[in-house]
Each structure stands twice: as C-alpha cells, then as structure tokens.
Amino acid sequence: MTQPFRIKTGGRIHRDRPIGFSFNGKDYQGYEGDTLASALLANGVHLVARSFKYHRPRGIMTAGAEEPNAMVQLDTGNRTEPNLKATQVELFDGLTATSVNCWPSINFDVQAVNGMFHKLFPAGFYYKTMMSSPNLWHKFYEPMIRKAAGWGKAPPGPDPDFYDQMHVYCDVLVVGAGPAGLAAARAAASSGARVIIADEQSEFGGCLLSLKRQINGKKALTWVNEQVAALKAEPEVTTLHRTTIFGYYDQNYLVAIERRRDHLGLPSTPAKPKQRIWHIRAEQVVLATGSHERPLVFADNDRPGTMLAEAVKSYVNRFGVLSGSRAVLFTNNDRAYEAALDFHNAGGKVEAVVDIRPAPTGKLVDLIKECGIPLQTGQAIVATHGKKRVTGVDIMPFDGTNVTGARTSIPCDLLMTSGGWSPVVHLHSQAQGKLRYVDEKACFIPDHCPQDAVSVGGANGDFSIAKCLTTGIEAGMQAANLAGFGAGLDMSEADTDEATVDYPTPCWLVPGEKEIGHGSAKHFVDFQNDSTAADIKLASREGFRSVEHMKRYTLTGFGTDQGKTGNINGLAILAQTNKKTIPETGTTTFRPPYTSVTFGALAGRELGDFSDPVRRTPMHDWHCEQEAVFEDVGQWKRPRYFPKAGEDMLQAVNRECLAVRNGVGVLDATTLGKIDVRGKDAAEFLNRVYTNAWINLPVGSCRYGLMCGEDGMVYDDGVTARLGEHHFHMTTTTGGAATVYERLEDYLQTEWPDLDVWLTSVTEQWATISVAGPKARLVMEKLNPHHDWSNDAFPFMTFQDVALASCQARIFRISFTGELSFEINVPSRYGRAVWDAVMAAGEAYGITPYGTETMHVLRAEKGFIIVGQDTDATQTPLDLGMDWIVSKKKKDFVGKRSFSRLDTTKKDRKQLVGLLTENPHDVLDEGAQIIADETAPKPISMLGHVTSSYWSEALGHSIALAVVKGGPQRIGENLTAWSLGKSHKVKVVAPIFYDKESARRDG
Amino acid sequence: MLKITCPWCGPRIEIEFKCGGEAHIARPENPDALSDEEWADFLFMRANTKGWHRERWNHVHGCRQWFNAMRSTVTHEFAGTYKIGEKPSLEELKNWEPIE
C-alpha cells in the first residue's frame, strides 16, 4: 500500500495528481502540492539523513526553511544540486533525491562509529588532537577530514541551466505573505503605492496554510484567497512566489532569489530561466517573516521521529499526512497543544502531552482533557529510545530545576517538541537593526532599525493571528504614507477564533538524572553541526565565554540552516553556564544569505563572453583571418603574435623581431589610451602632471612624458603631441587609459578648477597603425608618393597630417622599437582600410605584422620600460634611470616634493638594471628573485626581481630587465637569479642591449 | 549596494561611483615649503573616523564629476552630498531638499 500515513481527506495537495519520485534509489508516490518531506512522511520514511559529526540517524524535524537535518542532493550529473532541504523541495514527477553525508548508505553508515567514540570528538577537537605535527596534518588529518566533512557533492561539469537577474524599484516591499504580510501589502497597495510582496513558499498564506482557523467568520484560507486576488488585480503590485529575500543591504537594497522552474523539474531555456535574482530598491520595507518554533533540549532529542509540534500540525493540515501513529508532545507552552489536537482529530493517537509546567490552564488545556489525551504536567522527558526511529520516551517529575522520583515509560513513534518561538529577525539584523530580549515572550524581538523598515506579526513577537492582521494593516498603511502615498482602504479590524494562550515557560536545558555531559545521552542544540549542550558548557569552561567565541568553537549556528532552530537555545545555555542573563550574553550576527543561493543565479547571464566587456580594434577581423594568437590587455583583445604554419610562439616572435630589425613590421597600436587636451591652460596643465617641461614644446612636435603620483612613484607614460597652441593629443598606456583620465579630471575638478582645460577620451576614435623598421620609409612612400617622408622634412618626434588614399591621417614619427617608425592615426572607421593599404604597400618589402610579444622583446632590447611590468608603483623616475626626464627648473609638479623624501633618496632602493645570463641561452623567469649568494645560510635576503625577460633573436642571447637594490652601483657584479628551484648566474649590466647610440631611429 | 545622490544627476546606485577617500585634504600650495613630516601627513595620513565622515566620490559611470558626501561609517547613512567647493554642516546637509 502506498502512502500509508496519508489522511483520507483534507490538505492542500491534489489527490487526483499522483507523482512518482525516487529517494535513495527507492521509488515512492506522492501528490502534487507535496514537498519531498511531506511525501516521504506520507510513505512513513523518517530516516533521511546522518548527522555531521557522529553520523547519527536523523529524521525530518520541521516543515520549512529552518530544517537542520533533512538535506538532500537533487538530480544527478551536471544538473545535480546539493544540500537542499527536503522540507522546501516541491515534489515533481521523476524527482530523484539522495541523502547527503552518509556512506555507503543511509541505513548503514560506516562513520557512525564516530558516535561510539564521541569522547574523542569534543568541541574544538580539530585543534586539540590534530595540531601536533604539521606533517601529519598535511598528509593524514586534512585529507581525512576533507573526505569525512562536507555535505553534498558539487556537480562534475558546468551547469547547463539558465538564470537571470532583475533590477526593480518599489515604494513598499513586503517580505512574507502570511497574515501580517498579506494585510500589510493589501493596505499599502490600496493607497496606490507600488508594492512588491514576496514569499518563499509555493503559495501565499504563510502559517494560515497550516492552521485550522477562521478570520471574520470565514475560513482563513478564504481570507487569504480574497487578499491574493485583490493584490493580483492591482496594476502596481508585483506578487513573487517561491521567492526568498535572502539579503538586506544598505539603503533598503534587498536581494531575492525566485525559483521559477525548480518545482517543475523541467530544463530551463534562455526565455524560461531556472532561477532569477531580484535586486530590489525599496522606499519602505515591511518585514513579515514570521517565527520559527524552537525544539526543547533534552536527552537524545534527535532520534528520527522527533519533530517540532508546528511541523506536525503543518503536515496534518496542509499536506494531509500523519507523521506517525502514536505521538507524545513535549512542551513548555500550550500553543503547541494545537498540534496534538490536530494530530488527534486527524486520526492519530496521542499517547501523552508532557508539559514541564506544573499547572497549565486555558482553553487548549481543557480541549486536550476533553479528547481524553493523558496530560502529564510538571514532567520532563529524561530519555528517548530507538535507533533509526524513536520508539519511546521516559519521563520523570520535574520541579523546574531538577528531575526526581519515578520514571515512567511511554511508547511512541512520533515525538513532538515545542520550546517556544523565535521571531525570524534575520533581515532586520542584516539591516543593522538591534534586538531586544523580552522575558515574558522568551524571545528576541526587533528593536530600533536604522533603515526604513518595520517588522510585524510573528517577526515582531506578535504570535496571534488577530495581532498579525491589525499590526500588518497598520504597518502597510504607514509604509505607504512614508513613501508619499495617502490614505487607502479602510480595512476593518480582523476577528479570529483563536484561543488565548500563555507564553512559553523557558526551559533551555532539560536536566537528566546524570549531569549534562556525563553518560552517553546527548542534548543536541544545533542538529546540523552536532553541537550539544555539553559542548557549549565545555566551551565556557575552556574560556570561550563570549557568544561569538562559543559559536566558532562549537559550530553552533553554522551550516546551511545557520542555526535557525538552535541559536537561541545555544546562547541561553551559554548564559546559564556563565551565570549571566540572556541580554547580557547577546546574540551572534545574522549575515546574508538567509538561505542558500545557487552560484548559477548569482552569476545570471554574466558568464563566458558576458563576464567582462570585450574591446576589439577596427582591425580585429583581419587579425582573426591571419589566425593571430590573442592576449587580453585590460579588456582589449590584442594579437600577441601571428604564427605561420608550424611555428610555435618563440619561432613566430623571432621571425617577427628580425623582420622589424631588418625589414619592416606593422603593429596594431589602436589600444593605446588617447586623451584630447584643450584649453588655454593646456600646456600649463601638462607641465603640472608630467615630470618634464611642456610650455615651450613647438606646435607639430611630440614629447615623451612620465607621470608620477604625489608620492613620486611612476604612474604612467606616453607620448603627447602639441596639435595647436591650446590643443594636445596625449597618449597613455593601454591599461592605464581610464585611470589616467580619471586622475587628470580629479586634478582639474578639485585642485585646479581655475585652469581652462577640457579633457576628452578619444581612445576609440582613433585607429593606430605603427609601421617600424629600416624599410618603413619605403612603405610610407608607396602609401603617398607625393609626400616628403625624408628625415629632414619629417624629423623624429614630430607629426604631420598626411593624405592617404582613403582618408586624412595624423602620422607621428615616434618609436617604441628603436627602429625608424611611423605611427599612423586615422579615424577608427578607416582603420581597416588603411591597414589593408599599408599591407598592400608593404608587400614588396615583406611587411610583417607583429604582436605584443614581439613589441615587448623589441622595446626590452632598447631598455624601454613598460609601466606596470617593469614598475610596480614603488619606482621613482630616478629608480628607472630616467632622471633626464625630471625637470629641475619647474617649481612644482605632481610628485616633485616626494623625490626629496628620506625614503626616495635611500641608496638601497630597488632600481632598474639589465641582466645577462652566464649561459646566453638561458631565459630567466619573469619574477625570479635576485640574490647575492645562493650558498649563504637561509633565509637569504632578496635583492630584487626580474621584471622582463626574453630571448633576443637579433642579439643571439637572452636579455632581462630587473629591479635590484642599489642596481646602478652593481653594474658588473655577478648575482644569482632564483626561480622555482632553479638558479642562474647573472651579470648586472646597463638596461639597454641594442643600438645603444640610437643610430637606427631615423632609418 | 549604496544609494548615492550625485549633486548633478540625483540618486544612483553605488556601482556608478568610485570612492576617493577622505575629503577636504587640499594639495598644499607650495609643497617645497613643507617638512618631510608635513608632506608625509598630506600623502599618507587619513582619519579613521567612526561616525560622520566627509569623503570624495566620483560619478565615474555617469557625469564623471567629483563631489563630496557626508556618510556615517557606522550605518552607511548619507547625511547628504555636495559639490566641490562647498562645505555645509551636518544640520545644513540634513535639511537640504532632496535632488530628484
């Protein structure tokens, strides 16, 4: 017979739509509307998990997000999802789930022996037993713990599902669609405010879905349906189902995850994403997140079949499931009596209600008696029996402090417990709201919140439906008013048929005959992490008396449930142990996310090509056609080299280098940063931001400039040309373009607003083609035979506007290779056409396209630095041997004052030098450490490191640049470069290797 | 994700902005006249304020203007933002009309 524990009628499941599913390899049947947990319970399956440390059998404990035990892994392969709570997984046809943290099976778990040796696993046992030998830790303990620890398994490959993100604004965000949330949303929406109401469950109603209650003389669910219909009819209201607000950030920025397809068990598509992240900026927030029931902490309170009373009630009323046949309720309050009554009325047998209070009174107490349920008052459970399912409990008279007298055994297969309710204050706390402990209610409730938020209903410690409704209406109305909306619907006060109940009588730790921690009984506080009351007492004894320390020492409150059921019990037991009050002890901090969020949803569509913008030059397609190998420079795609058939990188780069040195090469230099500088103070501005002089640069000329920070460290470099008296064209490094532009704007806006200067980024407006090599002039002559390209007519460090076949070009005589170079700048849209023209013109001369790797070799041969490669923001111009570019005459410029600081004038600063290896064929690793004597006793002090290192085909030996302490004074010295276990003898030389006289730049 | 009100554009989300650290630290008129200690103070020393803090922001993915803000480093609440060259008091800032 399937579903033996399904009640004949009732519940919100669809009995006409049966669903087949598999759990731990066995097939079961449930109904649409079930969760995995309710379907398992309907089939009498309680043993669903093994605990983290002791691998004790565990069952389903709750009916919601607070579930600590029933974690499952869903699906298989790349779609598999670990660590879902069975209480939140909606059942769909073909669902496949397995337990986590058990091996080889749930019924027989090898590591359950941990429980037998529990004395070896006290709180902090990692630190106590495994720190003796670092060697043992690496080789034995860590691999062992890694295998034993953790819950589910990550998918083996990339997630094939689709996710997306939404960004929205609203006047009032209501979190939670229980009685308080629905009332608040309805009230706010009626004023015309834009309202979003989100709830984590499949349908709105919250606790009303699990209660037998009347509102205004009608079924509570009728009231829910009316509110939902009214909200859906409002054009300005967004209703979000299956949506968990998991993070509350500054200025009312809340983030939610909406599970759109999970409950269908169907693959997602780009148009129908699996999950969606909502980024919500709300003017006002109403937190109606309800409350979580707490378990009582007593001996062996974790056997499968031990459940929260509220959960049992929910399974009866919402899912039509009896969680057992013979139940015992153990409680410290009479609100929980309702669960026993509903269980009884649905056909279950309640063996006893065990109440720690000596003389409870009230309507529910009377009802229990009327039903003939044995009521054991002033009693406490001191032991439970059963292994994979609870089989009975022992009770003893309890005077509030100790248990004494005769033991009575009561057989049962379901143990309901209730220790009171904890408002779900997570979001309030994330919003930096304070908490206040209310003795009478035995819980923390929200206090002042610095953000525009208010907590209502159960989340505010108001546990009656009537109070939820009245405060909900009030809060919704007020939120709308604060967001600038007027009066709305006059919602009459709600009338409910609730029994008045007493608040719980706290009993944080139920004593046994033996002292806690003595004997084999365990009193679990945090079920997911196997933290017990004894662990907390031990933590306190060992000095971890602060709640934050206790949390980390015992792991109470960690894990996927973040201690939703255990935190308050844990800190109360700590308070008792420390002989302090609960407010004195305080709480730990709640941090996002409220429940687990998938990485897929957080990533959304920003994957692969969409993870970062890609910038391409106008010549990009040509490079692709030539099968260039690209490298990323910032967001730019730059050709690194252009391999011919059969060539590896070194061969290609060697060929490209020789082509530039002996013939002609061409480089796509479009990515260089370019800034248009205009205004009558433009020259003065450059004078202040560059280290050299700019006032007298003639129009038509270019100059190399070095930029420093105020700290005197080199920041960027580039060539800037004077286009007119008040007009300059500045170039920056490719990677530095944006930050240089920002920094210059900063000076203009905040330090020198009096200067008449205007900056415009023109990086993408110009395509740049650098033609370099002894035959470069021949190529240019072919491009425009009517122009005089001679050195006299077009000297080095000048520019000219020249007509080319397709367009007008601005051509610079500047060189980063040491060879004769013409840098052709044309408007971007002509880039490809001019590139093609250059290639055609150069064909006769064997023009060779080269990439950034060749550019690096060529410039290193000449000793030209690359800012960011040979510098790391700790080099002054002097450190780079570039004092020739630092003006001695200018009164002030950015960085000048710092050149005379004690630190920048030290003799042992790391400074730029060249290195030659003893064996000319050895190419050093970039980043290799420079040391004086590798035989010296360790630790050996580092003198510096290699910044650039290449094979130079033109020279026939390797070359390297390095920064070395007191570098220039060491020229001629022999040192050692060490990297990854290999060392090479090197000789320190001046940082220039090729054409030291610069005889080649004019061709 | 902060909500920051650019004095030129109005309220925008944090990702449009770049924070520039403590505000109202003027570059000295004549750096050469400063002792090493004074210059180091300008270069490196910043207040580590708990509470209301004046700081620089740049609407870098918007109007690209620099401006100043007064923000609580405890709650992240903004008392307000103001243009370069201004220096309103906390009370003045709180009473300013919001920019929409």
# chains A, B, ... in the order shown; residues from 1 in each chain; ligands from 1
>>> interface_residues(of="chain B", to="chain A", cutoff="7 Å", atoms="only C-alpha atoms", output="PyMOL selection string")
chain B and resi 1-3+27+31-32+36+43+66+76+84
>>> residues_around(residues="B:Glu91", least_positions_apart="5", cutoff="12 Å", atoms="only C-alpha atoms", output="number ranges by chain")
B: 52, 70, 79-80, 96
>>> residues_around(residues="A:Gly665", least_positions_apart="3", cutoff="9 Å", atoms="only C-alpha atoms", output="PyMOL selection string")
chain A and resi 656-657+659-661+770-773+775-776+842+846-850
>>> atom_distance(atom1="atom CA of B:Cys6", atom2="atom CA of B:Thr81")
6.9 Å
>>> residues_around(residues="stretch 363-372 of chain A", least_positions_apart="2", cutoff="7 Å", atoms="only C-alpha atoms", output="PDB file with N, CA and C atoms, in the first residue's frame")
ATOM      1  N   ASP A 334       1.260  26.126  25.900  1.00  0.00           N
ATOM      2  CA  ASP A 334       0.041  25.461  25.464  1.00  0.00           C
ATOM      3  C   ASP A 334      -0.340  25.774  24.024  1.00  0.00           C
ATOM      4  N   TYR A 337      -0.200  22.728  22.074  1.00  0.00           N
ATOM      5  CA  TYR A 337      -1.263  21.733  22.277  1.00  0.00           C
ATOM      6  C   TYR A 337      -2.086  21.558  21.004  1.00  0.00           C
ATOM      7  N   GLU A 338      -2.163  22.656  20.230  1.00  0.00           N
ATOM      8  CA  GLU A 338      -2.936  22.632  18.999  1.00  0.00           C
ATOM      9  C   GLU A 338      -2.462  21.508  18.078  1.00  0.00           C
ATOM     10  N   LEU A 341      -3.821  18.292  19.272  1.00  0.00           N
ATOM     11  CA  LEU A 341      -5.253  18.220  18.982  1.00  0.00           C
ATOM     12  C   LEU A 341      -5.504  17.915  17.512  1.00  0.00           C
ATOM     13  N   PRO A 360      -0.697  23.991  33.915  1.00  0.00           N
ATOM     14  CA  PRO A 360      -1.155  24.812  32.789  1.00  0.00           C
ATOM     15  C   PRO A 360      -2.672  24.927  32.769  1.00  0.00           C
ATOM     16  N   THR A 361      -3.158  26.071  32.330  1.00  0.00           N
ATOM     17  CA  THR A 361      -4.610  26.268  32.215  1.00  0.00           C
ATOM     18  C   THR A 361      -4.908  26.899  30.868  1.00  0.00           C
ATOM     19  N   PRO A 374      -3.908  11.817  27.718  1.00  0.00           N
ATOM     20  CA  PRO A 374      -3.266  11.925  29.038  1.00  0.00           C
ATOM     21  C   PRO A 374      -2.372  13.157  29.118  1.00  0.00           C
ATOM     22  N   ALA A 499      -7.822  30.712  20.431  1.00  0.00           N
ATOM     23  CA  ALA A 499      -7.813  30.542  21.884  1.00  0.00           C
ATOM     24  C   ALA A 499      -6.689  31.397  22.458  1.00  0.00           C
TER      25      ALA A 499
END
>>> residues_around(residues="A:Met61", least_positions_apart="3", cutoff="10 Å", atoms="only C-alpha atoms", output="list in words")
Ala37, His46, Arg58, Gly64, Glu66, Glu67, Pro68, Asn69, Ala70, Thr87, Pro295, Asp302, Arg303, Pro304, Gly305, Thr306, Met307, Leu308, Ala309, Glu310, Ala311, Val312, Met416, Thr417, Phe527 and Thr565 of chain A
>>> atom_distance(atom1="atom CA of B:Asn95", atom2="atom CA of B:His53")
17.4 Å
>>> select_by_dssp(residues="stretch 57-95 of chain B", states="alpha helix (DSSP H)", output="PyMOL selection string")
chain B and resi 90-95
>>> atom_distance(atom1="atom CA of A:Gly265", atom2="atom CA of A:Pro82")
15.2 Å
>>> residues_around(residues="A:Ala533", least_positions_apart="4", cutoff="10 Å", atoms="only C-alpha atoms", output="PyMOL selection string")
chain A and resi 297-299+508-509+516-517+522-526+537-539+554+569-570+573-574+577
>>> write_last_selection(atoms="C-alpha atoms", output="PDB file, in the first residue's frame")
ATOM      1  CA  VAL A 297      16.920  20.491  24.529  1.00  0.00           C
ATOM      2  CA  PHE A 298      16.746  17.120  26.323  1.00  0.00           C
ATOM      3  CA  ALA A 299      18.499  13.770  26.340  1.00  0.00           C
ATOM      4  CA  TRP A 508      16.521  25.942  27.992  1.00  0.00           C
ATOM      5  CA  LEU A 509      18.071  22.666  29.025  1.00  0.00           C
ATOM      6  CA  ILE A 516      24.921  17.049  31.370  1.00  0.00           C
ATOM      7  CA  GLY A 517      27.908  15.633  29.516  1.00  0.00           C
ATOM      8  CA  LYS A 522      23.413  13.791  24.101  1.00  0.00           C
ATOM      9  CA  HIS A 523      21.447  17.014  24.329  1.00  0.00           C
ATOM     10  CA  PHE A 524      21.530  18.450  20.829  1.00  0.00           C
ATOM     11  CA  VAL A 525      21.343  22.201  20.361  1.00  0.00           C
ATOM     12  CA  ASP A 526      22.465  22.582  16.757  1.00  0.00           C
ATOM     13  CA  LYS A 537      29.429  24.032  28.662  1.00  0.00           C
ATOM     14  CA  LEU A 538      32.881  22.778  27.697  1.00  0.00           C
ATOM     15  CA  ALA A 539      33.468  25.873  25.557  1.00  0.00           C
ATOM     16  CA  THR A 554      31.229  24.556  18.939  1.00  0.00           C
ATOM     17  CA  ASN A 569      18.764  27.612  22.804  1.00  0.00           C
ATOM     18  CA  GLY A 570      22.549  27.684  22.440  1.00  0.00           C
ATOM     19  CA  ILE A 573      22.514  27.590  27.686  1.00  0.00           C
ATOM     20  CA  LEU A 574      25.723  29.612  27.439  1.00  0.00           C
ATOM     21  CA  THR A 577      26.550  28.328  32.212  1.00  0.00           C
TER      22      THR A 577
END
>>> residues_around(residues="A:Ser38", least_positions_apart="4", cutoff="10 Å", atoms="only C-alpha atoms", output="VMD selection string")
chain A and resid 5 to 6 30 to 31 33 to 34 42 to 45 60 63 86 to 91 314 to 316 318 to 323
>>> write_last_selection(atoms="N, CA and C atoms", output="PDB file, in the first residue's frame")
ATOM      1  N   PHE A   5       0.560   6.762   5.491  1.00  0.00           N
ATOM      2  CA  PHE A   5       0.316   7.797   6.504  1.00  0.00           C
ATOM      3  C   PHE A   5      -0.441   9.000   5.954  1.00  0.00           C
ATOM      4  N   ARG A   6      -1.011   8.821   4.726  1.00  0.00           N
ATOM      5  CA  ARG A   6      -1.809   9.909   4.160  1.00  0.00           C
ATOM      6  C   ARG A   6      -3.191   9.872   4.779  1.00  0.00           C
ATOM      7  N   GLY A  30       3.791  10.347  -4.313  1.00  0.00           N
ATOM      8  CA  GLY A  30       3.227  11.452  -3.537  1.00  0.00           C
ATOM      9  C   GLY A  30       2.199  12.148  -4.395  1.00  0.00           C
ATOM     10  N   TYR A  31       1.812  13.360  -3.980  1.00  0.00           N
ATOM     11  CA  TYR A  31       0.832  14.105  -4.768  1.00  0.00           C
ATOM     12  C   TYR A  31       1.375  15.477  -5.104  1.00  0.00           C
ATOM     13  N   GLY A  33       1.615  19.202  -4.916  1.00  0.00           N
ATOM     14  CA  GLY A  33       1.367  20.022  -3.730  1.00  0.00           C
ATOM     15  C   GLY A  33       2.190  19.556  -2.553  1.00  0.00           C
ATOM     16  N   ASP A  34       2.773  18.349  -2.662  1.00  0.00           N
ATOM     17  CA  ASP A  34       3.646  17.839  -1.603  1.00  0.00           C
ATOM     18  C   ASP A  34       5.008  18.498  -1.673  1.00  0.00           C
ATOM     19  N   ALA A  42       4.475  10.761   4.267  1.00  0.00           N
ATOM     20  CA  ALA A  42       3.268  10.041   3.875  1.00  0.00           C
ATOM     21  C   ALA A  42       3.581   8.571   3.628  1.00  0.00           C
ATOM     22  N   ASN A  43       4.815   8.311   3.205  1.00  0.00           N
ATOM     23  CA  ASN A  43       5.253   6.937   2.977  1.00  0.00           C
ATOM     24  C   ASN A  43       5.913   6.322   4.208  1.00  0.00           C
ATOM     25  N   GLY A  44       5.880   7.048   5.321  1.00  0.00           N
ATOM     26  CA  GLY A  44       6.438   6.530   6.569  1.00  0.00           C
ATOM     27  C   GLY A  44       7.955   6.568   6.636  1.00  0.00           C
ATOM     28  N   VAL A  45       8.586   7.359   5.758  1.00  0.00           N
ATOM     29  CA  VAL A  45      10.051   7.446   5.763  1.00  0.00           C
ATOM     30  C   VAL A  45      10.489   8.585   6.687  1.00  0.00           C
ATOM     31  N   ILE A  60      13.225  14.032   9.528  1.00  0.00           N
ATOM     32  CA  ILE A  60      12.683  15.349   9.200  1.00  0.00           C
ATOM     33  C   ILE A  60      12.199  15.990  10.486  1.00  0.00           C
ATOM     34  N   ALA A  63       9.003  21.815   8.868  1.00  0.00           N
ATOM     35  CA  ALA A  63       8.276  21.830   7.601  1.00  0.00           C
ATOM     36  C   ALA A  63       8.675  23.055   6.784  1.00  0.00           C
ATOM     37  N   ALA A  86      14.740  19.012   2.251  1.00  0.00           N
ATOM     38  CA  ALA A  86      13.597  18.229   1.758  1.00  0.00           C
ATOM     39  C   ALA A  86      12.287  18.923   2.082  1.00  0.00           C
ATOM     40  N   THR A  87      12.303  19.753   3.128  1.00  0.00           N
ATOM     41  CA  THR A  87      11.086  20.453   3.538  1.00  0.00           C
ATOM     42  C   THR A  87      10.749  21.604   2.604  1.00  0.00           C
ATOM     43  N   GLN A  88      11.682  21.953   1.703  1.00  0.00           N
ATOM     44  CA  GLN A  88      11.425  23.055   0.774  1.00  0.00           C
ATOM     45  C   GLN A  88      11.366  22.606  -0.669  1.00  0.00           C
ATOM     46  N   VAL A  89      11.767  21.346  -0.924  1.00  0.00           N
ATOM     47  CA  VAL A  89      11.756  20.844  -2.301  1.00  0.00           C
ATOM     48  C   VAL A  89      10.340  20.440  -2.665  1.00  0.00           C
ATOM     49  N   GLU A  90       9.783  21.106  -3.688  1.00  0.00           N
ATOM     50  CA  GLU A  90       8.446  20.727  -4.133  1.00  0.00           C
ATOM     51  C   GLU A  90       8.545  19.481  -4.993  1.00  0.00           C
ATOM     52  N   LEU A  91       7.586  18.610  -4.794  1.00  0.00           N
ATOM     53  CA  LEU A  91       7.624  17.323  -5.500  1.00  0.00           C
ATOM     54  C   LEU A  91       7.247  17.522  -6.970  1.00  0.00           C
ATOM     55  N   SER A 314       1.505  21.258  10.575  1.00  0.00           N
ATOM     56  CA  SER A 314       1.549  21.634   9.173  1.00  0.00           C
ATOM     57  C   SER A 314       1.371  20.410   8.274  1.00  0.00           C
ATOM     58  N   TYR A 315       2.031  19.302   8.632  1.00  0.00           N
ATOM     59  CA  TYR A 315       1.893  18.103   7.809  1.00  0.00           C
ATOM     60  C   TYR A 315       0.460  17.571   7.852  1.00  0.00           C
ATOM     61  N   VAL A 316      -0.194  17.687   9.002  1.00  0.00           N
ATOM     62  CA  VAL A 316      -1.588  17.245   9.101  1.00  0.00           C
ATOM     63  C   VAL A 316      -2.491  18.135   8.254  1.00  0.00           C
ATOM     64  N   ARG A 318      -1.843  20.913   6.139  1.00  0.00           N
ATOM     65  CA  ARG A 318      -1.535  21.393   4.795  1.00  0.00           C
ATOM     66  C   ARG A 318      -1.311  20.233   3.826  1.00  0.00           C
ATOM     67  N   PHE A 319      -0.711  19.162   4.340  1.00  0.00           N
ATOM     68  CA  PHE A 319      -0.329  18.082   3.424  1.00  0.00           C
ATOM     69  C   PHE A 319      -1.149  16.799   3.629  1.00  0.00           C
ATOM     70  N   GLY A 320      -2.004  16.771   4.655  1.00  0.00           N
ATOM     71  CA  GLY A 320      -2.803  15.584   4.895  1.00  0.00           C
ATOM     72  C   GLY A 320      -1.961  14.373   5.237  1.00  0.00           C
ATOM     73  N   VAL A 321      -0.984  14.570   6.103  1.00  0.00           N
ATOM     74  CA  VAL A 321      -0.076  13.485   6.458  1.00  0.00           C
ATOM     75  C   VAL A 321       0.020  13.370   7.981  1.00  0.00           C
ATOM     76  N   LEU A 322      -0.057  12.151   8.469  1.00  0.00           N
ATOM     77  CA  LEU A 322       0.226  11.896   9.884  1.00  0.00           C
ATOM     78  C   LEU A 322       1.695  11.517   9.987  1.00  0.00           C
ATOM     79  N   SER A 323       2.428  12.240  10.809  1.00  0.00           N
ATOM     80  CA  SER A 323       3.870  11.997  10.880  1.00  0.00           C
ATOM     81  C   SER A 323       4.195  10.764  11.721  1.00  0.00           C
TER      82      SER A 323
END
>>> closest_residue(among="B:Leu90, B:Val74, B:Cys9, B:Ala47", to="B:Ala23", atoms="only C-alpha atoms")
B:Ala47
>>> select_by_dssp(residues="chain B", states="strand (DSSP E)", output="number ranges by chain")
B: 3-6, 10-13, 18-22, 52-58, 66-72, 78-83
